[in-house]
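Some notes on the structure that comes next.
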Amino acid sequence: MKVLVLSVDRDDDFGSKAGLHSPFVGRTENMEAAMALGLKDPEDSDLNTILAAISIYEEMVKKGIDAEIATICGDVKVGYESDLTLATQLENVLEVIKPDRVVLVSDGAEDEFIFPMVASRVKVDSVRRVFVKQAPTVEGTYYILMKMLQDDKVRRRILPPIGLVLAVLGIFSLLPKLFQYMSSPSFGLISEMGLGALAIVLGVYLIFYAYKVGERVSNSIMRAGRAIRSGSQMIPFAVLAIVFVIAGIVYGFDAANSAQTSDITLQILLFLGSMLWLWMFAAFSYGTGKFVNQYFNTSKVHWSYMVTILSVFAIGFIGQGAIDATMYFLRYHLYNEWFVIIEIVSGFLLASFAGLLNSSMRAKAAHPTEEESAQETGKPTD
């Protein structure tokens, strides 16, 4: 009877942090993987999991049990893609080792997802959950929280919902006072805006912190500096996009303020409707710039940018149709219902065409013609 000690890393920390390719079969490969991950992140729970699996394996070997050890990893995108990768690696490992039974080792967080997958393919004798010990002090709890927030997966799972709730509450509490201040300025209104503004700032900060927006902006500025020094064709399109964004905000506020009404809902709809297409043209300008820049750099037409541009206009038509439909149902403007329907249908048709174009380009990339393959490899065609 052959027993397989199976360690599972569902979110592929071994790949994302240590740059390793799973599965790892045998004690040597698992020890090397543990060492590599330990040097990158000594406090990762998957490190403790694989070390526990190695310990169980060595204990079985000492007792004379015919045992083997393996570690399978999923994907950073936890969900369907991760589980599909795990299933593929599991079947490959079972095909190579051909065990009669399995001892499953995990960090305890993913058992409910992993166990049915393994049990459907081979008999599972035992499940070992590995928990990391921590000091039960206030300082220890603070340290654990800080370490959790440094983990990208945990931070993106916890902070964005909290930040989004704070930002939405702040916006809905601030907008009525802001439009009221535009119609009749008052210092009392400014003080009443403080709580809403604080909620927006805190919410935006949490979202930015979760997705490392500051770091991304810094990298974008560095790339922009390099692009300017190298004379990139992207620069004028990016500047035009920024101008469209600013003009959209200004034009939206002007349209809402010139409506001569105290109805907040109408002012918001006018603001969104006036701003929408200028922002769509900003996205179009930016996408066109990337398309032109890639074409001059590679002398190839990158259809993905065309798909992006079509998708931008599809969003614009659908968004405009939604705004006009809201105004129609609330009887703010007497739009013809057929005009609203045409806007929405046009948006969906553009989105469908973009999807078909994207699918056809992916199929063409996956199955290139002989002439295209020869051009890529530099070999002459017959």
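Here, A, B, ... name the chains of the structure tokens in the order displayed, residue numbers run from 1 inside each chain, and ligands are numbered from 1 in the same displayed order.
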Notebook entry, point to check: Quick one: residues within 12 Å of Ala210 (chain A), only C-alpha atoms counted, chain neighbours fewer than 5 positions away excluded, as an NGL selection string?
Noted result: :A and (148-164 or 203-205 or 215-216)
Check: Which polymer residues have any atom within 7 Å of an atom of Arg128 (chain A), counting only C-alpha atoms, with same-chain residues fewer than 3 positions away left out, as a ChimeraX atom specification?
Finding: /A:104-106
Write a file of the selected residues as an mmCIF file, in the first residue's frame, keeping C-alpha atoms.
```cif
data_model
loop_
_atom_site.group_PDB
_atom_site.id
_atom_site.type_symbol
_atom_site.label_atom_id
_atom_site.label_comp_id
_atom_site.auth_asym_id
_atom_site.auth_seq_id
_atom_site.Cartn_x
_atom_site.Cartn_y
_atom_site.Cartn_z
ATOM 1 C CA LEU A 104 -3.753 15.800 2.971
ATOM 2 C CA VAL A 105 -1.788 18.652 4.578
ATOM 3 C CA SER A 106 -2.964 22.281 4.372
#
```
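Ranking A:Asp263, A:Asp66, A:Glu59, A:Glu343 by their shortest atom-to-atom distance to Gly316 (chain A), with only C-alpha atoms included, puts A:Glu343 first.
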Just asking: which residues within region 244-356 of chain A are alpha helix (DSSP H) according to DSSP, as a PDB file with C-alpha atoms, in the first residue's frame?
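The resulting file, out29.pdb, is shown below:
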```
ATOM      1  CA  PHE A 244     -10.587  65.860 -21.612  1.00  0.00           C
ATOM      2  CA  VAL A 245     -10.839  64.555 -18.027  1.00  0.00           C
ATOM      3  CA  ILE A 246     -10.473  68.034 -16.510  1.00  0.00           C
ATOM      4  CA  ALA A 247     -12.824  69.562 -19.070  1.00  0.00           C
ATOM      5  CA  GLY A 248     -15.397  66.856 -18.332  1.00  0.00           C
ATOM      6  CA  ILE A 249     -15.411  67.671 -14.616  1.00  0.00           C
ATOM      7  CA  VAL A 250     -15.652  71.425 -15.246  1.00  0.00           C
ATOM      8  CA  TYR A 251     -18.358  71.007 -17.886  1.00  0.00           C
ATOM      9  CA  GLY A 252     -20.320  68.657 -15.629  1.00  0.00           C
ATOM     10  CA  PHE A 253     -20.317  71.114 -12.734  1.00  0.00           C
ATOM     11  CA  ASP A 254     -21.268  73.949 -15.070  1.00  0.00           C
ATOM     12  CA  ALA A 255     -24.210  71.973 -16.495  1.00  0.00           C
ATOM     13  CA  ALA A 256     -25.447  71.042 -13.009  1.00  0.00           C
ATOM     14  CA  ASN A 257     -25.063  74.591 -11.715  1.00  0.00           C
ATOM     15  CA  ILE A 264     -30.258  67.133  -6.401  1.00  0.00           C
ATOM     16  CA  THR A 265     -31.146  64.099  -8.511  1.00  0.00           C
ATOM     17  CA  LEU A 266     -31.479  66.205 -11.669  1.00  0.00           C
ATOM     18  CA  GLN A 267     -28.215  68.014 -10.937  1.00  0.00           C
ATOM     19  CA  ILE A 268     -26.374  64.709 -10.503  1.00  0.00           C
ATOM     20  CA  LEU A 269     -27.822  63.332 -13.755  1.00  0.00           C
ATOM     21  CA  LEU A 270     -26.874  66.510 -15.625  1.00  0.00           C
ATOM     22  CA  PHE A 271     -23.376  66.347 -14.163  1.00  0.00           C
ATOM     23  CA  LEU A 272     -22.910  62.713 -15.221  1.00  0.00           C
ATOM     24  CA  GLY A 273     -24.452  63.227 -18.660  1.00  0.00           C
ATOM     25  CA  SER A 274     -22.284  66.269 -19.405  1.00  0.00           C
ATOM     26  CA  MET A 275     -19.106  64.637 -18.134  1.00  0.00           C
ATOM     27  CA  LEU A 276     -19.608  61.187 -19.665  1.00  0.00           C
ATOM     28  CA  TRP A 277     -18.592  61.706 -23.281  1.00  0.00           C
ATOM     29  CA  LEU A 278     -15.617  63.931 -22.500  1.00  0.00           C
ATOM     30  CA  TRP A 279     -14.303  61.128 -20.295  1.00  0.00           C
ATOM     31  CA  MET A 280     -15.043  58.609 -23.031  1.00  0.00           C
ATOM     32  CA  PHE A 281     -13.014  60.712 -25.474  1.00  0.00           C
ATOM     33  CA  ALA A 282     -10.242  60.869 -22.861  1.00  0.00           C
ATOM     34  CA  ALA A 283     -10.156  57.062 -22.760  1.00  0.00           C
ATOM     35  CA  PHE A 284     -10.338  56.981 -26.572  1.00  0.00           C
ATOM     36  CA  SER A 285      -7.400  59.388 -26.836  1.00  0.00           C
ATOM     37  CA  TYR A 286      -5.320  57.372 -24.384  1.00  0.00           C
ATOM     38  CA  GLY A 287      -6.128  54.076 -26.138  1.00  0.00           C
ATOM     39  CA  THR A 288      -5.330  55.585 -29.538  1.00  0.00           C
ATOM     40  CA  GLY A 289      -2.006  56.806 -28.189  1.00  0.00           C
ATOM     41  CA  LYS A 290      -1.079  53.318 -26.973  1.00  0.00           C
ATOM     42  CA  PHE A 291      -2.153  51.861 -30.317  1.00  0.00           C
ATOM     43  CA  VAL A 292      -0.039  54.339 -32.305  1.00  0.00           C
ATOM     44  CA  ASN A 293       2.936  53.954 -29.973  1.00  0.00           C
ATOM     45  CA  GLN A 294       2.877  50.155 -30.192  1.00  0.00           C
ATOM     46  CA  TYR A 295       2.546  50.291 -33.966  1.00  0.00           C
ATOM     47  CA  PHE A 296       5.589  52.564 -34.391  1.00  0.00           C
ATOM     48  CA  ASN A 297       7.632  50.464 -31.947  1.00  0.00           C
ATOM     49  CA  THR A 298       6.758  47.009 -33.320  1.00  0.00           C
ATOM     50  CA  TRP A 303      -5.941  44.544 -32.190  1.00  0.00           C
ATOM     51  CA  SER A 304      -6.359  44.470 -28.423  1.00  0.00           C
ATOM     52  CA  TYR A 305      -6.236  48.278 -28.400  1.00  0.00           C
ATOM     53  CA  MET A 306      -8.953  48.380 -31.061  1.00  0.00           C
ATOM     54  CA  VAL A 307     -11.076  46.149 -28.847  1.00  0.00           C
ATOM     55  CA  THR A 308     -10.458  48.539 -25.951  1.00  0.00           C
ATOM     56  CA  ILE A 309     -11.511  51.554 -28.020  1.00  0.00           C
ATOM     57  CA  LEU A 310     -14.711  49.825 -29.166  1.00  0.00           C
ATOM     58  CA  SER A 311     -15.464  48.833 -25.583  1.00  0.00           C
ATOM     59  CA  VAL A 312     -15.016  52.459 -24.468  1.00  0.00           C
ATOM     60  CA  PHE A 313     -17.630  53.683 -26.944  1.00  0.00           C
ATOM     61  CA  ALA A 314     -19.918  50.790 -25.985  1.00  0.00           C
ATOM     62  CA  ILE A 315     -19.727  51.891 -22.342  1.00  0.00           C
ATOM     63  CA  GLY A 316     -20.408  55.470 -23.441  1.00  0.00           C
ATOM     64  CA  PHE A 317     -23.584  54.568 -25.347  1.00  0.00           C
ATOM     65  CA  ILE A 318     -24.862  52.295 -22.570  1.00  0.00           C
ATOM     66  CA  GLY A 319     -24.067  54.891 -19.896  1.00  0.00           C
ATOM     67  CA  GLN A 320     -25.744  57.687 -21.872  1.00  0.00           C
ATOM     68  CA  GLY A 321     -28.755  55.466 -22.459  1.00  0.00           C
ATOM     69  CA  ALA A 322     -29.001  54.693 -18.747  1.00  0.00           C
ATOM     70  CA  ILE A 323     -28.836  58.411 -17.844  1.00  0.00           C
ATOM     71  CA  ASP A 324     -31.406  59.355 -20.482  1.00  0.00           C
ATOM     72  CA  ALA A 325     -33.664  56.483 -19.428  1.00  0.00           C
ATOM     73  CA  THR A 326     -33.515  57.666 -15.812  1.00  0.00           C
ATOM     74  CA  MET A 327     -34.445  61.185 -16.889  1.00  0.00           C
ATOM     75  CA  TYR A 328     -37.262  59.791 -19.049  1.00  0.00           C
ATOM     76  CA  PHE A 329     -38.801  57.727 -16.246  1.00  0.00           C
ATOM     77  CA  GLU A 337     -38.229  56.154 -25.633  1.00  0.00           C
ATOM     78  CA  TRP A 338     -36.997  54.896 -29.008  1.00  0.00           C
ATOM     79  CA  PHE A 339     -33.998  57.244 -28.772  1.00  0.00           C
ATOM     80  CA  VAL A 340     -33.068  55.745 -25.401  1.00  0.00           C
ATOM     81  CA  ILE A 341     -33.500  52.208 -26.738  1.00  0.00           C
ATOM     82  CA  ILE A 342     -31.300  52.979 -29.763  1.00  0.00           C
ATOM     83  CA  GLU A 343     -28.539  54.285 -27.458  1.00  0.00           C
ATOM     84  CA  ILE A 344     -28.550  51.183 -25.280  1.00  0.00           C
ATOM     85  CA  VAL A 345     -28.837  48.761 -28.207  1.00  0.00           C
ATOM     86  CA  SER A 346     -25.970  50.534 -30.004  1.00  0.00           C
ATOM     87  CA  GLY A 347     -23.830  50.123 -26.898  1.00  0.00           C
ATOM     88  CA  PHE A 348     -24.556  46.413 -26.651  1.00  0.00           C
ATOM     89  CA  LEU A 349     -23.919  45.921 -30.374  1.00  0.00           C
ATOM     90  CA  LEU A 350     -20.544  47.644 -30.081  1.00  0.00           C
ATOM     91  CA  ALA A 351     -19.699  45.539 -27.021  1.00  0.00           C
ATOM     92  CA  SER A 352     -20.693  42.353 -28.872  1.00  0.00           C
ATOM     93  CA  PHE A 353     -18.597  43.328 -31.889  1.00  0.00           C
ATOM     94  CA  ALA A 354     -15.626  44.037 -29.589  1.00  0.00           C
ATOM     95  CA  GLY A 355     -16.078  40.628 -27.981  1.00  0.00           C
ATOM     96  CA  LEU A 356     -16.239  38.875 -31.353  1.00  0.00           C
TER      97      LEU A 356
END
```
I'd like the contact shell of Val127 (chain A) - 12 Å cut-off, only C-alpha atoms, skipping same-chain residues fewer than 4 positions apart - returned as a short mmCIF file (atom, residue, chain, number, x, y, z; two decimals) with N, CA and C atoms, in the first residue's frame.
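File written: out.cif
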```cif
data_model
loop_
_atom_site.label_atom_id
_atom_site.label_comp_id
_atom_site.auth_asym_id
_atom_site.auth_seq_id
_atom_site.Cartn_x
_atom_site.Cartn_y
_atom_site.Cartn_z
N LEU A 4 0.53 8.73 -0.17
CA LEU A 4 1.03 10.01 -0.66
C LEU A 4 0.73 11.10 0.36
N VAL A 5 1.77 11.77 0.82
CA VAL A 5 1.61 12.95 1.68
C VAL A 5 1.52 14.16 0.76
N LEU A 6 0.34 14.76 0.70
CA LEU A 6 0.05 15.81 -0.29
C LEU A 6 -0.08 17.16 0.41
N SER A 7 0.79 18.09 0.06
CA SER A 7 0.71 19.46 0.55
C SER A 7 0.08 20.33 -0.53
N VAL A 8 -0.79 21.25 -0.14
CA VAL A 8 -1.56 22.05 -1.10
C VAL A 8 -1.35 23.54 -0.83
N THR A 49 3.24 24.66 6.12
CA THR A 49 2.49 23.52 5.60
C THR A 49 3.41 22.51 4.94
N ALA A 52 5.56 20.76 7.48
CA ALA A 52 4.79 19.75 8.21
C ALA A 52 4.60 18.50 7.36
N ALA A 53 4.37 18.68 6.05
CA ALA A 53 4.23 17.53 5.15
C ALA A 53 5.53 16.73 5.09
N ILE A 56 5.80 14.69 8.30
CA ILE A 56 4.93 13.52 8.28
C ILE A 56 5.51 12.43 7.38
N ARG A 101 -3.54 5.64 -0.99
CA ARG A 101 -4.17 6.53 -0.01
C ARG A 101 -3.41 7.85 0.02
N VAL A 102 -4.08 8.86 0.57
CA VAL A 102 -3.49 10.19 0.65
C VAL A 102 -3.66 10.74 2.05
N VAL A 103 -2.60 11.41 2.53
CA VAL A 103 -2.67 12.23 3.74
C VAL A 103 -2.58 13.68 3.29
N LEU A 104 -3.66 14.43 3.47
CA LEU A 104 -3.75 15.80 2.97
C LEU A 104 -3.25 16.77 4.04
N VAL A 105 -2.35 17.66 3.67
CA VAL A 105 -1.79 18.65 4.58
C VAL A 105 -2.07 20.03 4.01
N SER A 106 -2.69 20.91 4.82
CA SER A 106 -2.96 22.28 4.37
C SER A 106 -2.89 23.21 5.57
N ASP A 107 -3.01 24.51 5.30
CA ASP A 107 -2.95 25.49 6.40
C ASP A 107 -4.32 25.69 7.05
N GLY A 108 -5.30 24.89 6.69
CA GLY A 108 -6.60 24.93 7.35
C GLY A 108 -7.60 25.86 6.70
N GLU A 110 -8.19 26.39 3.39
CA GLU A 110 -8.74 25.99 2.10
C GLU A 110 -9.25 24.55 2.08
N ASP A 111 -9.38 23.91 3.27
CA ASP A 111 -9.76 22.50 3.31
C ASP A 111 -11.08 22.23 2.61
N GLU A 112 -12.07 23.11 2.81
CA GLU A 112 -13.40 22.86 2.27
C GLU A 112 -13.40 22.89 0.74
N ILE A 114 -10.38 22.09 -1.14
CA ILE A 114 -9.41 21.12 -1.62
C ILE A 114 -9.86 19.69 -1.38
N PHE A 115 -10.44 19.43 -0.22
CA PHE A 115 -10.75 18.05 0.17
C PHE A 115 -11.64 17.32 -0.83
N PRO A 116 -12.76 17.91 -1.30
CA PRO A 116 -13.59 17.19 -2.27
C PRO A 116 -12.85 16.87 -3.56
N VAL A 118 -9.62 16.21 -3.93
CA VAL A 118 -8.71 15.09 -3.72
C VAL A 118 -9.49 13.80 -3.47
N ALA A 119 -10.52 13.90 -2.63
CA ALA A 119 -11.28 12.70 -2.26
C ALA A 119 -12.02 12.08 -3.44
N LYS A 123 -8.54 7.83 -2.17
CA LYS A 123 -9.02 7.76 -0.80
C LYS A 123 -8.15 8.60 0.11
#
```
Next item on the list: Using DSSP on the backbone coordinates, identify the residues of region 104-263 of chain A assigned to strand (DSSP E); present them as a list of chain:residue names.
Entry: A:Leu104, A:Val105, A:Ser106, A:Lys123, A:Val124, A:Asp125, A:Ser126, A:Val127, A:Arg128, A:Arg129
Notebook entry, point to check: What does the distance from CA of Ile72 (chain A) to CA of Ala36 (chain A) come to in Å, to one decimal?
Noted result: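 Straight-line distance from CA of Ile72 (chain A) to CA of Ala36 (chain A) works out to 15.5 Å.
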Margin query: To one decimal place in Å, what is the distance between CA of Leu169 (chain A) and CA of Ala199 (chain A)?
Written below: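 Here the two named atoms are 7.2 Å from each other.
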Contacts between region 16-22 of chain A and region 61-122 of chain A, please, where a residue of region 61-122 of chain A counts if it comes within 12 Å (with only C-alpha atoms); show its shortest atom pair and distance in Å to one decimal, rows by chain and ascending number, as a tab-separated table.
```
residue	atom	partner	partner_atom	distance
A:Ala70	CA	A:Ser22	CA	9.4
A:Thr71	CA	A:Ser22	CA	7.2
A:Ile72	CA	A:Ser22	CA	5.9
A:Cys73	CA	A:Ser22	CA	6.0
A:Gly74	CA	A:Ser22	CA	8.7
A:Asp75	CA	A:Ser16	CA	8.6
A:Val76	CA	A:Ser16	CA	7.1
A:Lys77	CA	A:Ser16	CA	10.8
A:Thr85	CA	A:Ser22	CA	10.0
A:Leu86	CA	A:Ser22	CA	9.7
A:Thr88	CA	A:Ser22	CA	11.0
A:Gln89	CA	A:Ser22	CA	7.8
A:Leu90	CA	A:Ser22	CA	10.5
A:Asn92	CA	A:Ser22	CA	10.9
A:Val93	CA	A:Ser22	CA	10.4
```
Next item on the list: Would you mind reading off the distance between CA of Ile190 (chain A) and CA of Lys177 (chain A), one decimal, in Å?
Entry: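 We find that CA of Ile190 (chain A) and CA of Lys177 (chain A) lie 8.2 Å from each other.
Between Gly79 (chain A) and the candidates A:Arg362, A:Lys212, A:Lys62, A:Arg10, the tightest atom-to-atom separation, counting only C-alpha atoms, involves A:Arg10.
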Note to self: I'd like the neighbourhood of Leu37 (chain A) as a list of chain:residue names, where a residue qualifies if any of its atoms comes within 7 Å (using only C-alpha atoms), though same-chain residues fewer than 3 positions away should be ignored.
What the structure shows: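 Those residues are A:Phe14, A:Lys17, A:Ala18, A:Ala33, A:Ala34, A:Lys40, A:Asp41, A:Leu47.
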